[in-house]
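Chemist: I'd like to ask you about the structure that follows.
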Amino acid sequence: MSPATERFVGVARVGEIADGSVKVVRIEDQAIAVFRRGGEYFALDDVCTHDGGPLAEGIVEGDEIECPRHGARFNIRTGQALCLPATGAVTTYAVRVEGDEIQVRWS
Ligand code: FES
């Protein structure tokens, strides 16, 4: 995608998401979990690829999120499924900070 067609959507203010926590936002009816790890932010679909579990309600350990429904784990940086019962990766989105706004790339 060329920079000219990239679109970023503001989802939160800096400081609104505490280190180690997550905020669920909606962009065009898609629930997206925005995680903060230290000074970095990561955004991925808040929908487990196994059976639709709400990932933001799971336990975060390091860079991994565990689905609260059946325990599949995903890498929050890459969306990669790390163990069964999930096998498919969760979609991830680029995140940037502009001024005091956290933005998610959306196309
Ligand atoms: S819905 Fe997430 S592991 Fe089953």
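Every chain in the structure tokens has a letter given in the order shown (A, B, ...), and although residue numbers restart at 1 in each chain, ligands are simply numbered from 1 in the order shown.
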For ligand 1, collect every residue having any atom at a distance of at most 7 Å from a ligand atom (counting only C-alpha atoms and all ligand atoms); output as a list in words.
Modeler: Cys48, Thr49, His50, Asp51, Gly52, Gly53, Cys67, Pro68, Arg69, His70, Gly71, Ala72, Pro85 and Ala86 of chain A
Chemist: Report as a list in words all protein, DNA and RNA residues lying within 12 Å of Glu6 in chain A, evaluated on only C-alpha atoms, omitting residues in the same chain fewer than 5 positions from it.
Modeler: Met1, Tyr93, Ala94, Val95, Gln103, Val104, Arg105, Trp106 and Ser107 of chain A
Chemist: Restricting the calculation to only C-alpha atoms, which member of A:Arg77, A:Lys23, A:Arg36, A:Arg13 is positioned closest to Asp100 in chain A?
Modeler: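 Comparing A:Arg77, A:Lys23, A:Arg36, A:Arg13 against Asp100 in chain A, the winner is A:Arg13.
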Chemist: With distances taken over only C-alpha atoms, which residue among A:Val34, A:Leu44, A:Val60, A:Ile102 lies nearest Gln80 in chain A?
Modeler: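 With only C-alpha atoms as the atom set, the closest residue is A:Leu44.
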Chemist: Among chain A, which residues carry a DSSP assignment of strand (DSSP E), reported as number ranges by chain?
Modeler: A: 8-13, 22-27, 30-37, 40-45, 59-61, 64-66, 73-75, 92-93, 95-98, 101-105
Chemist: With only C-alpha atoms as the counted atoms, please give the residues lying no more than 8 Å from Ile76 in chain A, apart from itself and same-chain residues fewer than 3 positions off, as a PyMOL selection string.
Modeler: chain A and resi 35+42-44+63-65+79-80
Chemist: Taking only C-alpha atoms into account, which of A:Asp46, A:Thr92, A:Tyr41, A:Leu82 comes nearest Ala12 in chain A?
Modeler: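 Of A:Asp46, A:Thr92, A:Tyr41, A:Leu82, the one nearest Ala12 in chain A is A:Tyr41, counting only C-alpha atoms.
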Chemist: Between A:Ala18, A:Val90, A:Val11, A:Cys83, which residue has the minimum interatomic distance to Glu40 in chain A, considering only C-alpha atoms?
Modeler: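 Looking only at the distances to Glu40 in chain A, the closest residue turns out to be A:Ala18.
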Chemist: Just give me the gap between CA of Val9 in chain A and CA of Val47 in chain A in Å, one decimal is fine.
Modeler: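 Between these atoms lies a distance of 19.4 Å.
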Chemist: Mind checking DSSP for chain A and telling me the helix (DSSP H, G or I) residues as a PyMOL selection string?
Modeler: chain A and resi 3-5+55-57
Chemist: Given the choices A:Gly20, A:Gly10, A:Gly88, A:Gly15, which gets closest to Arg73 in chain A if the distance is worked out from only C-alpha atoms?
Modeler: A:Gly88
